[in-house]
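Visitor: So that you have it, the file is structure07.csv, and it contains CSV, C-alpha atoms:
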chain,number,residue,atom,x,y,z
A,307,MET,CA,0.0,0.0,0.0
A,308,GLY,CA,1.4,3.4,-1.0
A,309,LEU,CA,0.4,6.9,0.1
A,310,GLY,CA,-2.2,7.2,-2.7
A,311,ARG,CA,-4.1,4.2,-1.3
A,312,ALA,CA,-3.9,5.4,2.3
A,313,ALA,CA,-7.6,6.0,3.1
A,314,CYS,CA,-7.3,7.0,6.8
A,315,ILE,CA,-4.8,7.9,9.5
A,316,ASP,CA,-4.6,4.3,10.6
A,317,ASP,CA,-3.3,3.4,7.1
A,318,LEU,CA,-0.6,6.0,7.4
A,319,ARG,CA,0.3,4.5,10.8
A,320,THR,CA,0.7,1.1,9.2
A,321,LEU,CA,3.0,2.5,6.5
A,322,ALA,CA,5.0,4.4,9.1
A,323,ARG,CA,5.4,1.3,11.2
A,324,ARG,CA,6.9,-0.5,8.2
A,325,ARG,CA,9.4,2.3,7.4
A,326,ILE,CA,10.6,3.1,10.9
A,327,PRO,CA,12.7,1.0,13.3
A,328,ARG,CA,10.7,-0.2,16.2
A,329,PHE,CA,12.5,1.7,18.9
A,330,ALA,CA,11.9,5.0,17.0
A,331,PHE,CA,8.3,4.2,16.1
A,332,ASP,CA,7.5,3.2,19.7
A,333,LEU,CA,9.0,6.5,21.0
A,334,VAL,CA,6.1,8.4,19.4
A,335,ASP,CA,3.4,5.7,19.1
A,336,GLY,CA,3.7,4.4,22.6
A,337,GLY,CA,1.9,5.4,25.8
A,338,ALA,CA,2.3,4.9,29.5
A,339,GLU,CA,2.3,1.4,31.1
A,340,ASP,CA,-0.5,-0.8,29.7
A,341,GLU,CA,-1.5,2.0,27.3
A,342,ARG,CA,-5.2,1.8,28.3
A,343,ASN,CA,-5.5,5.6,28.4
A,344,LEU,CA,-3.8,5.8,25.0
A,345,ARG,CA,-6.4,3.5,23.5
A,346,ARG,CA,-9.3,5.1,25.4
A,347,ASN,CA,-8.5,8.5,24.0
A,348,SER,CA,-9.4,7.5,20.4
A,349,GLU,CA,-12.0,4.9,21.4
A,350,ALA,CA,-14.0,7.5,23.4
A,351,PHE,CA,-14.1,9.8,20.4
A,352,ALA,CA,-15.4,7.0,18.2
A,353,GLU,CA,-18.2,6.3,20.6
A,354,ILE,CA,-19.7,9.7,20.3
A,355,GLN,CA,-22.6,9.6,17.8
A,356,LEU,CA,-23.7,12.5,15.6
A,357,THR,CA,-27.1,12.8,13.9
A,358,PRO,CA,-27.0,13.6,10.1
A,359,ARG,CA,-29.4,16.2,8.9
A,360,TYR,CA,-30.3,16.6,5.2
A,361,LEU,CA,-32.0,18.9,2.7
A,362,VAL,CA,-29.6,21.7,3.6
A,363,ASP,CA,-27.5,23.5,1.1
A,364,VAL,CA,-24.0,22.4,1.9
A,365,SER,CA,-22.4,23.1,-1.5
A,366,THR,CA,-20.0,25.4,0.3
A,367,ILE,CA,-18.5,24.4,3.6
A,368,ASP,CA,-16.8,27.1,5.8
A,369,THR,CA,-14.1,25.6,8.1
A,370,ARG,CA,-12.5,28.8,9.1
A,371,VAL,CA,-11.9,29.7,12.8
A,372,GLU,CA,-10.9,32.8,14.6
A,373,LEU,CA,-8.6,32.2,17.5
A,374,PHE,CA,-6.3,34.4,19.6
A,375,GLY,CA,-6.4,37.2,17.0
A,376,SER,CA,-5.8,35.1,14.0
A,377,GLU,CA,-8.0,33.4,11.4
A,378,PHE,CA,-7.1,29.8,10.5
A,379,ASP,CA,-8.5,27.9,7.6
A,380,LEU,CA,-9.3,24.8,9.6
A,381,PRO,CA,-10.3,24.1,13.3
A,382,PHE,CA,-7.3,21.9,14.0
A,383,GLY,CA,-3.5,22.4,14.3
A,384,MET,CA,-0.3,20.5,15.1
A,385,ALA,CA,0.2,19.5,18.7
A,386,PRO,CA,3.7,19.7,20.2
A,387,ILE,CA,5.8,16.5,20.0
A,388,GLY,CA,9.3,16.2,21.4
A,389,MET,CA,12.2,14.5,19.6
A,390,LEU,CA,10.1,14.0,16.5
A,391,ASN,CA,13.1,14.0,14.3
A,392,ALA,CA,14.0,10.6,15.8
A,393,PHE,CA,10.7,9.4,14.3
A,394,TRP,CA,11.6,10.7,10.8
A,395,PRO,CA,14.5,13.1,10.0
A,396,ASP,CA,13.4,16.7,9.6
A,397,ALA,CA,9.9,15.9,10.8
A,398,ASP,CA,9.8,19.2,12.8
A,399,LEU,CA,10.4,21.4,9.8
A,400,ILE,CA,8.3,19.4,7.5
A,401,LEU,CA,5.2,19.9,9.7
A,402,ALA,CA,6.0,23.5,10.6
A,403,ARG,CA,6.2,24.4,6.9
A,404,LEU,CA,3.0,22.4,6.2
A,405,CYS,CA,1.1,24.4,8.8
A,406,ALA,CA,2.3,27.6,7.3
A,407,ALA,CA,1.2,26.6,3.9
A,408,LYS,CA,-2.2,25.4,5.1
A,409,ASN,CA,-2.7,28.3,7.5
A,410,ILE,CA,-3.1,26.3,10.7
A,411,PRO,CA,-1.2,26.7,13.9
A,412,TYR,CA,2.0,24.7,14.6
A,413,VAL,CA,2.9,24.3,18.3
A,414,ALA,CA,6.7,24.0,18.7
A,415,SER,CA,7.7,21.7,21.6
A,416,SER,CA,10.4,22.8,24.1
A,417,ALA,CA,11.8,19.3,23.5
A,418,ALA,CA,11.8,19.5,19.7
A,419,SER,CA,14.8,18.3,17.7
A,420,THR,CA,14.9,21.7,16.0
A,421,THR,CA,15.4,25.1,17.7
A,422,LEU,CA,12.4,27.2,18.5
A,423,GLU,CA,13.9,30.0,16.3
A,424,GLU,CA,14.1,27.7,13.2
A,425,LEU,CA,10.6,26.5,13.8
A,426,ALA,CA,9.2,30.0,14.2
A,427,GLU,CA,10.7,30.9,10.9
A,428,ALA,CA,9.3,27.8,9.2
A,429,ALA,CA,5.9,28.3,10.7
A,430,ASP,CA,5.9,31.8,9.2
A,431,GLY,CA,3.7,33.5,11.8
A,432,ASN,CA,1.6,30.4,12.6
A,433,GLY,CA,3.9,29.2,15.3
A,434,TRP,CA,3.0,28.8,19.0
A,435,PHE,CA,5.5,27.7,21.6
A,436,GLN,CA,4.9,25.0,24.2
A,437,LEU,CA,6.9,25.6,27.4
A,438,TYR,CA,8.1,23.0,29.9
A,439,ALA,CA,8.9,24.8,33.1
A,440,SER,CA,12.3,23.7,34.2
A,441,SER,CA,13.5,23.0,37.7
A,442,ASP,CA,16.0,25.7,37.0
A,443,ASP,CA,14.2,29.1,36.8
A,444,ASP,CA,17.0,30.5,34.6
A,445,VAL,CA,16.4,27.8,32.0
A,446,THR,CA,12.7,28.7,31.9
A,447,GLU,CA,13.4,32.4,31.7
A,448,SER,CA,15.8,31.8,28.8
A,449,LEU,CA,13.2,29.9,26.8
A,450,VAL,CA,10.6,32.6,27.4
A,451,ARG,CA,13.0,35.3,26.3
A,452,ARG,CA,13.9,33.3,23.2
A,453,ALA,CA,10.3,32.7,22.4
A,454,GLU,CA,9.6,36.4,22.6
A,455,ALA,CA,12.6,37.3,20.4
A,456,ALA,CA,11.5,34.7,17.8
A,457,GLY,CA,8.1,36.3,17.5
A,458,TYR,CA,5.8,33.7,19.2
A,459,HIS,CA,2.6,35.4,20.4
A,460,VAL,CA,1.0,32.3,22.0
A,461,LEU,CA,2.7,30.4,24.9
A,462,MET,CA,1.5,27.0,26.0
A,463,ALA,CA,2.6,26.1,29.5
A,464,THR,CA,2.5,22.3,30.1
A,465,ALA,CA,1.2,21.3,33.5
A,466,ASP,CA,0.9,17.5,33.2
A,467,VAL,CA,4.5,16.4,33.5
A,468,PRO,CA,5.3,16.5,37.3
A,469,ALA,CA,7.0,13.2,36.9
A,470,ALA,CA,8.3,11.2,34.0
A,471,GLY,CA,5.8,8.8,32.4
A,472,LYS,CA,6.7,5.1,32.6
A,473,ARG,CA,6.6,3.9,29.0
A,474,ASP,CA,7.0,0.2,28.9
A,475,ARG,CA,7.8,0.1,25.2
A,476,ASP,CA,10.8,2.3,25.7
A,477,ILE,CA,12.0,0.2,28.6
A,478,ARG,CA,11.7,-3.0,26.5
A,479,ASN,CA,13.6,-1.2,23.7
A,480,GLN,CA,16.3,-0.3,26.1
A,481,LEU,CA,16.3,3.4,25.1
A,482,SER,CA,19.0,5.2,27.0
A,483,VAL,CA,20.9,8.5,27.2
A,484,PRO,CA,23.3,8.5,25.5
A,485,PHE,CA,21.7,6.2,22.9
A,486,LYS,CA,23.3,2.8,22.7
A,487,ILE,CA,23.2,0.4,19.7
A,488,THR,CA,22.3,-3.0,21.1
A,489,PRO,CA,22.1,-6.1,19.0
A,490,GLU,CA,18.4,-5.7,18.7
A,491,VAL,CA,18.8,-2.0,17.6
A,492,PHE,CA,21.4,-3.0,15.1
A,493,VAL,CA,19.0,-5.5,13.4
A,494,GLU,CA,16.3,-2.8,13.3
A,495,LEU,CA,18.7,-0.4,11.7
A,496,ILE,CA,19.8,-2.7,8.9
A,497,THR,CA,16.3,-3.8,8.2
A,498,HIS,CA,15.1,-0.2,7.9
A,499,ILE,CA,17.9,1.0,5.7
A,500,ARG,CA,16.1,4.0,4.2
A,501,TRP,CA,15.4,5.5,7.7
A,502,SER,CA,19.0,4.7,8.8
A,503,LEU,CA,20.6,6.3,5.7
A,504,THR,CA,18.3,9.4,5.9
A,505,SER,CA,19.0,9.7,9.7
A,506,LEU,CA,22.8,9.4,9.0
A,507,ARG,CA,22.6,12.2,6.5
A,508,GLN,CA,20.6,14.5,8.8
A,509,GLY,CA,22.7,13.8,11.9
A,510,LYS,CA,21.8,12.5,15.3
A,511,PRO,CA,18.6,14.1,16.7
A,512,ASN,CA,18.8,15.7,20.0
A,513,ILE,CA,16.7,18.1,22.1
A,514,ALA,CA,17.9,21.2,20.3
A,515,ASN,CA,16.7,23.9,22.7
A,516,TYR,CA,18.6,22.3,25.6
A,517,ALA,CA,21.6,21.0,23.6
A,518,ASN,CA,24.3,22.6,25.8
A,519,LEU,CA,22.5,21.8,29.1
A,520,LEU,CA,22.1,18.1,28.2
A,521,ALA,CA,25.6,17.5,26.9
A,522,ASN,CA,26.5,15.7,30.0
A,523,ALA,CA,23.2,13.8,30.7
A,524,THR,CA,23.7,10.1,31.4
A,525,SER,CA,20.1,9.1,32.0
A,526,TYR,CA,16.5,10.0,31.2
A,527,ALA,CA,16.3,11.2,34.8
A,528,ASP,CA,18.9,13.8,34.0
A,529,VAL,CA,17.0,14.9,31.0
A,530,GLN,CA,13.7,15.0,32.9
A,531,LYS,CA,15.2,17.1,35.7
A,532,THR,CA,16.5,19.7,33.1
A,533,LEU,CA,13.3,19.8,31.0
A,534,VAL,CA,10.6,19.9,33.6
A,535,SER,CA,10.0,20.8,37.3
A,536,ALA,CA,8.2,18.6,39.8
A,537,SER,CA,7.5,21.7,41.8
A,538,PHE,CA,5.7,23.7,39.1
A,539,THR,CA,2.6,25.2,40.9
A,540,TRP,CA,-0.2,27.7,40.6
A,541,GLU,CA,2.2,30.3,42.1
A,542,HIS,CA,4.7,29.6,39.3
A,543,LEU,CA,1.9,29.9,36.7
A,544,ALA,CA,0.8,33.2,38.1
A,545,ARG,CA,4.3,34.6,37.8
A,546,LEU,CA,4.5,33.3,34.2
A,547,ARG,CA,1.2,35.0,33.5
A,548,GLU,CA,2.6,38.2,34.7
A,549,ARG,CA,5.9,37.7,32.8
A,550,TRP,CA,4.4,36.7,29.4
A,551,LYS,CA,2.6,39.5,27.6
A,552,GLY,CA,1.1,37.5,24.8
A,553,ARG,CA,-1.6,34.8,24.9
A,554,LEU,CA,-1.1,32.2,27.6
A,555,LEU,CA,-2.6,28.7,27.5
A,556,VAL,CA,-2.3,25.9,30.0
A,557,LYS,CA,-1.9,22.4,28.6
A,558,GLY,CA,-2.9,19.3,30.7
A,559,ILE,CA,-6.2,20.4,32.3
A,560,LEU,CA,-8.6,17.5,33.1
A,561,HIS,CA,-10.6,18.9,36.1
A,562,PRO,CA,-13.1,21.7,36.1
A,563,GLU,CA,-11.7,23.3,39.2
A,564,ASP,CA,-8.3,23.5,37.6
A,565,ALA,CA,-9.9,25.1,34.6
A,566,GLU,CA,-11.5,27.7,36.9
A,567,LYS,CA,-8.1,28.5,38.4
A,568,CYS,CA,-6.7,29.2,35.0
A,569,VAL,CA,-9.5,31.7,34.4
A,570,ALA,CA,-8.8,33.3,37.8
A,571,LEU,CA,-5.1,33.7,36.9
A,572,GLY,CA,-6.0,35.5,33.6
A,573,CYS,CA,-5.0,32.7,31.2
A,574,ASP,CA,-6.4,33.0,27.7
A,575,GLY,CA,-7.2,29.4,27.2
A,576,ILE,CA,-6.6,25.8,28.3
A,577,VAL,CA,-5.8,22.6,26.5
A,578,VAL,CA,-7.8,19.6,27.7
A,579,SER,CA,-5.1,17.0,27.5
A,580,ASN,CA,-3.7,13.9,29.1
A,581,HIS,CA,-0.4,14.1,27.1
A,582,GLY,CA,-1.7,11.6,24.6
A,583,GLY,CA,-1.8,8.9,27.2
A,584,ARG,CA,2.0,9.1,27.6
A,585,GLN,CA,2.2,10.2,31.2
A,586,ALA,CA,-0.3,8.2,33.2
A,587,ASP,CA,-2.4,5.2,32.4
A,588,PHE,CA,-5.4,6.1,34.5
A,589,GLY,CA,-7.9,8.9,34.5
A,590,PRO,CA,-10.4,10.0,31.8
A,591,SER,CA,-9.9,10.4,28.1
A,592,THR,CA,-9.8,14.0,27.1
A,593,ILE,CA,-13.2,13.9,25.3
A,594,GLU,CA,-14.8,12.4,28.4
A,595,ALA,CA,-13.3,15.2,30.6
A,596,LEU,CA,-14.3,18.0,28.1
A,597,PRO,CA,-18.1,18.5,28.8
A,598,ALA,CA,-17.8,19.2,32.6
A,599,ILE,CA,-14.9,21.6,31.9
A,600,ALA,CA,-16.9,23.4,29.1
A,601,ARG,CA,-19.9,23.9,31.5
A,602,ALA,CA,-17.7,25.3,34.2
A,603,LEU,CA,-15.9,27.8,31.9
A,604,ALA,CA,-19.1,28.8,30.1
A,605,GLY,CA,-17.2,30.5,27.3
A,606,ARG,CA,-15.0,32.7,29.5
A,607,ILE,CA,-11.7,31.5,27.9
A,608,LYS,CA,-10.9,29.3,24.9
A,609,ILE,CA,-10.9,25.6,25.2
A,610,LEU,CA,-8.6,23.4,23.1
A,611,ILE,CA,-8.4,19.7,23.2
A,612,ASP,CA,-5.8,17.1,22.1
A,613,SER,CA,-5.1,13.3,22.5
A,614,GLY,CA,-6.9,10.7,20.4
A,615,ILE,CA,-7.9,12.7,17.3
A,616,ARG,CA,-7.8,10.2,14.4
A,617,ARG,CA,-10.7,11.3,12.2
A,618,GLY,CA,-11.9,14.6,10.8
A,619,ALA,CA,-15.2,14.0,12.5
A,620,ASP,CA,-13.4,14.0,15.8
A,621,THR,CA,-13.0,17.8,15.4
A,622,VAL,CA,-16.8,18.1,15.0
A,623,ARG,CA,-17.4,15.9,18.1
A,624,ALA,CA,-15.0,18.1,20.1
A,625,LYS,CA,-16.8,21.2,19.0
A,626,ALA,CA,-20.2,19.8,19.9
A,627,LEU,CA,-19.0,19.0,23.4
A,628,GLY,CA,-17.6,22.4,24.1
A,629,ALA,CA,-14.1,22.8,22.5
A,630,ASP,CA,-13.2,25.7,20.4
A,631,PHE,CA,-10.3,24.1,18.6
A,632,VAL,CA,-8.4,20.8,18.3
A,633,LEU,CA,-4.8,19.9,18.2
A,634,THR,CA,-3.5,16.6,16.7
A,635,GLY,CA,0.0,15.2,17.1
A,636,ARG,CA,0.3,11.5,16.3
A,637,ALA,CA,-2.0,11.7,13.3
A,638,MET,CA,0.2,14.2,11.5
A,639,ALA,CA,3.4,12.4,12.7
A,640,TYR,CA,2.2,9.1,11.1
A,641,GLY,CA,1.9,11.0,7.8
A,642,VAL,CA,5.5,12.1,8.0
A,643,GLY,CA,6.7,8.7,9.0
A,644,ALA,CA,4.7,7.1,6.1
A,645,GLY,CA,6.2,9.4,3.4
A,646,GLY,CA,8.0,12.5,4.6
A,647,SER,CA,6.6,15.7,3.2
A,648,ALA,CA,4.2,13.9,0.9
A,649,GLY,CA,3.0,11.8,3.8
A,650,ALA,CA,2.4,14.9,5.9
A,651,ASP,CA,0.3,16.4,3.0
A,652,ARG,CA,-1.7,13.1,2.8
A,653,ALA,CA,-2.4,13.2,6.6
A,654,PHE,CA,-3.6,16.8,6.3
A,655,GLU,CA,-5.8,16.0,3.3
A,656,ILE,CA,-7.4,13.0,5.0
A,657,LEU,CA,-8.3,15.0,8.1
A,658,GLN,CA,-9.6,18.0,6.0
A,659,LEU,CA,-11.6,15.8,3.7
A,660,GLU,CA,-13.2,13.9,6.5
A,661,LEU,CA,-14.1,17.1,8.3
A,662,VAL,CA,-15.7,18.6,5.3
A,663,ARG,CA,-17.7,15.5,4.5
A,664,ALA,CA,-18.8,15.2,8.2
A,665,LEU,CA,-20.1,18.8,8.1
A,666,GLY,CA,-21.9,18.1,4.9
A,667,GLN,CA,-23.6,15.0,6.2
A,668,LEU,CA,-24.6,16.9,9.4
A,669,GLY,CA,-26.2,19.6,7.4
A,670,THR,CA,-23.9,22.2,8.9
A,671,PRO,CA,-22.2,24.4,6.3
A,672,SER,CA,-20.2,26.3,8.8
A,673,TYR,CA,-18.0,24.8,11.5
A,674,SER,CA,-18.5,27.8,13.8
A,675,THR,CA,-22.3,27.1,14.1
A,676,ILE,CA,-21.9,23.6,15.5
A,677,THR,CA,-23.7,23.0,18.8
A,678,ASP,CA,-24.6,20.0,20.9
A,679,SER,CA,-27.8,19.7,18.9
A,680,ILE,CA,-25.9,17.4,16.5
A,681,LEU,CA,-25.3,14.8,19.3
A,682,THR,CA,-27.6,11.9,19.2
A,683,SER,CA,-29.8,11.1,22.2
A,684,ALA,CA,-27.6,8.0,22.7
A,685,THR,CA,-24.6,10.2,23.3
A,686,SER,CA,-24.2,11.4,26.9
A,687,LYS,CA,-23.7,15.2,27.2
A,688,THR,CA,-22.4,14.8,30.7
Let's see the structure in the file written out as structure tokens.
Guide:
Amino acid sequence: MGLGRAACIDDLRTLARRRIPRFAFDLVDGGAEDERNLRRNSEAFAEIQLTPRYLVDVSTIDTRVELFGSEFDLPFGMAPIGMLNAFWPDADLILARLCAAKNIPYVASSAASTTLEELAEAADGNGWFQLYASSDDDVTESLVRRAEAAGYHVLMATADVPAAGKRDRDIRNQLSVPFKITPEVFVELITHIRWSLTSLRQGKPNIANYANLLANATSYADVQKTLVSASFTWEHLARLRERWKGRLLVKGILHPEDAEKCVALGCDGIVVSNHGGRQADFGPSTIEALPAIARALAGRIKILIDSGIRRGADTVRAKALGADFVLTGRAMAYGVGAGGSAGADRAFEILQLELVRALGQLGTPSYSTITDSILTSATSKT
């Protein structure tokens, strides 16, 4: 099966899995522990039923969205993913340029394999920056200053990494810092020669924004300590709100009371997220957590959601349950892994086409007019 025959995101995942060594594929594809939360994220979306309505003129479908002072052509953007160049070389820049070309937001990860400055240039005004608050305040301040200088206007503070997620796949694959070529890894490299040669030409991926700080890291614990802080609290977030003059989002909100606190601190939005099921293997899927949060916020700030989006109709489901915008990470990454730039284009096309067709079937010619009226009676609105 080639890219032209890839009918859905799962097809692109299958293609990517064939092209990429297992240890690299699992780094992005895997979740925490037994991966129940990873699976539940997409399964919960699929369980939400929508009621088609017909005899409506849907010859023109409007998918535009206004968000944080910008108009985007579609109601979804690229979620941040760290070390994505280990999945496929130059994946960061491929996706940033795609988002610029398609006029959707690209969220650059603090842990990206490409510097935030390069990604801001590639995103061409559509870049947002996702911040991990470090245990070292000077490191955090340095990233904030660099984000300002690079022209980012939206900062996304990540709250859901107080401790490193336990990812069993990475343990089984013996991933380590520095990276070691075990016999198993060697076999994967020679049986995925295109990935290996492309990676060799591009150079060893690292966490570019912290390259100097991580030069002497000997374990993932060292990396974790540098990247994130286990003591990041509401007081720290309040200081960040005062420090950052642009739009501030908080990523990793799953409880209505935490959402309320974000409003009280003057944040501009939240991202309902469980880190794609990569941090903890318990708790709700994001779409299950969304309705209660939406009711609590009542439109006072913007609500974004990620984790589990695999179909264009998932964007509609999220809107019907209270989200203003959707971010998708793995879906776009699978496209890059399946075919580089052409694969990324195919992932985008699939999600866009599915979204437009869903709106047509629902008799809703404008995404902005979606309400919970499209939910079937069998779908819980709680």
Visitor: For the point (-10.8, 26.5, 24.2) in file coordinates, what residues are within 7 Å, counting all atoms listed in the file? Give the answer as a CSV table (one decimal) with C-alpha atoms, keeping the file's coordinate frame?
Guide:
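Below is the file result.csv, written as the result:
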chain,number,residue,atom,x,y,z
A,575,GLY,CA,-7.2,29.4,27.2
A,576,ILE,CA,-6.6,25.8,28.3
A,577,VAL,CA,-5.8,22.6,26.5
A,607,ILE,CA,-11.7,31.5,27.9
A,608,LYS,CA,-10.9,29.3,24.9
A,609,ILE,CA,-10.9,25.6,25.2
A,610,LEU,CA,-8.6,23.4,23.1
A,629,ALA,CA,-14.1,22.8,22.5
A,630,ASP,CA,-13.2,25.7,20.4
A,631,PHE,CA,-10.3,24.1,18.6
Visitor: Measure the distance from CA of Ile615 (chain A) to CA of Ser348 (chain A) in Å and round it to one decimal.
Guide: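 Going from CA of Ile615 (chain A) over to CA of Ser348 (chain A) covers 6.2 Å.
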Visitor: Check the smallest atom-to-atom distance from each of A:Thr682, A:Gly666, A:Leu571, A:Gly645 to Arg319 (chain A) using all atoms listed in the file, then report the winner.
Guide: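 With all atoms listed in the file as the atom set, the closest residue is A:Gly645.
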Visitor: Tell me which of A:Ala637, A:Ala453, A:Ile499, A:Ala470 sits closest to Thr532 (chain A), counting all atoms listed in the file.
Guide: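 Under the stated criterion, the closest residue is A:Ala470.
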Visitor: Between CA of Ala463 (chain A) and CA of Val450 (chain A), what is the distance, to one decimal in Å?
Guide: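 Going from CA of Ala463 (chain A) over to CA of Val450 (chain A) covers 10.5 Å.
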Visitor: Select, counting all atoms listed in the file, all protein, DNA and RNA residues no farther than 12 Å from (-15.2, 20.4, 31.9) in file coordinates, and express the selection as an NGL selection string.
Guide: :A and (559-566 or 576-579 or 590-605 or 609-611 or 627-629 or 687-688)
Visitor: Near Gly431 (chain A), counting all atoms listed in the file, which residues have an atom at most 8 Å away, once you skip same-chain residues fewer than 6 positions from it, shown as a ChimeraX atom specification?
Guide: /A:406,457-458
Visitor: Find the residue from A:Lys510, A:Arg473, A:Lys567, A:Arg311 that sits nearest to Asp335 (chain A); use all atoms listed in the file when measuring.
Guide: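 So, comparing all the options, the nearest one is A:Arg473.
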Visitor: Between A:Arg606, A:Lys557, A:Arg370, A:Arg451, which has the minimum distance to Asp466 (chain A) (counting all atoms listed in the file)?
Guide: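 Closest to Asp466 (chain A), using all atoms listed in the file: A:Lys557.
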Visitor: Could you check the closest approach to Gln658 (chain A) for each of A:Met638, A:Ala402, A:Leu425, A:Ala570 and tell me which residue wins, using only C-alpha atoms?
Guide: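 Closest residue, counting only C-alpha atoms: A:Met638.
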Visitor: Could you name the residues that touch Asp442 (chain A) at 10 Å or less, counting all atoms listed in the file, but leaving out those on the same chain fewer than 6 positions away, as a PyMOL selection string?
Guide: chain A and resi 531-535
Visitor: Just the number, please: distance in Å from CA of Leu399 (chain A) to CA of Ala648 (chain A), one decimal.
Guide: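 So the two atoms, CA of Leu399 (chain A) and CA of Ala648 (chain A), lie 13.2 Å apart.
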Visitor: Which one is closest to Glu424 (chain A): A:Ala514, A:Asp444, A:Cys568, A:Asn343? Count all atoms listed in the file.
Guide: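 The answer is A:Ala514, which sits nearest to Glu424 (chain A).
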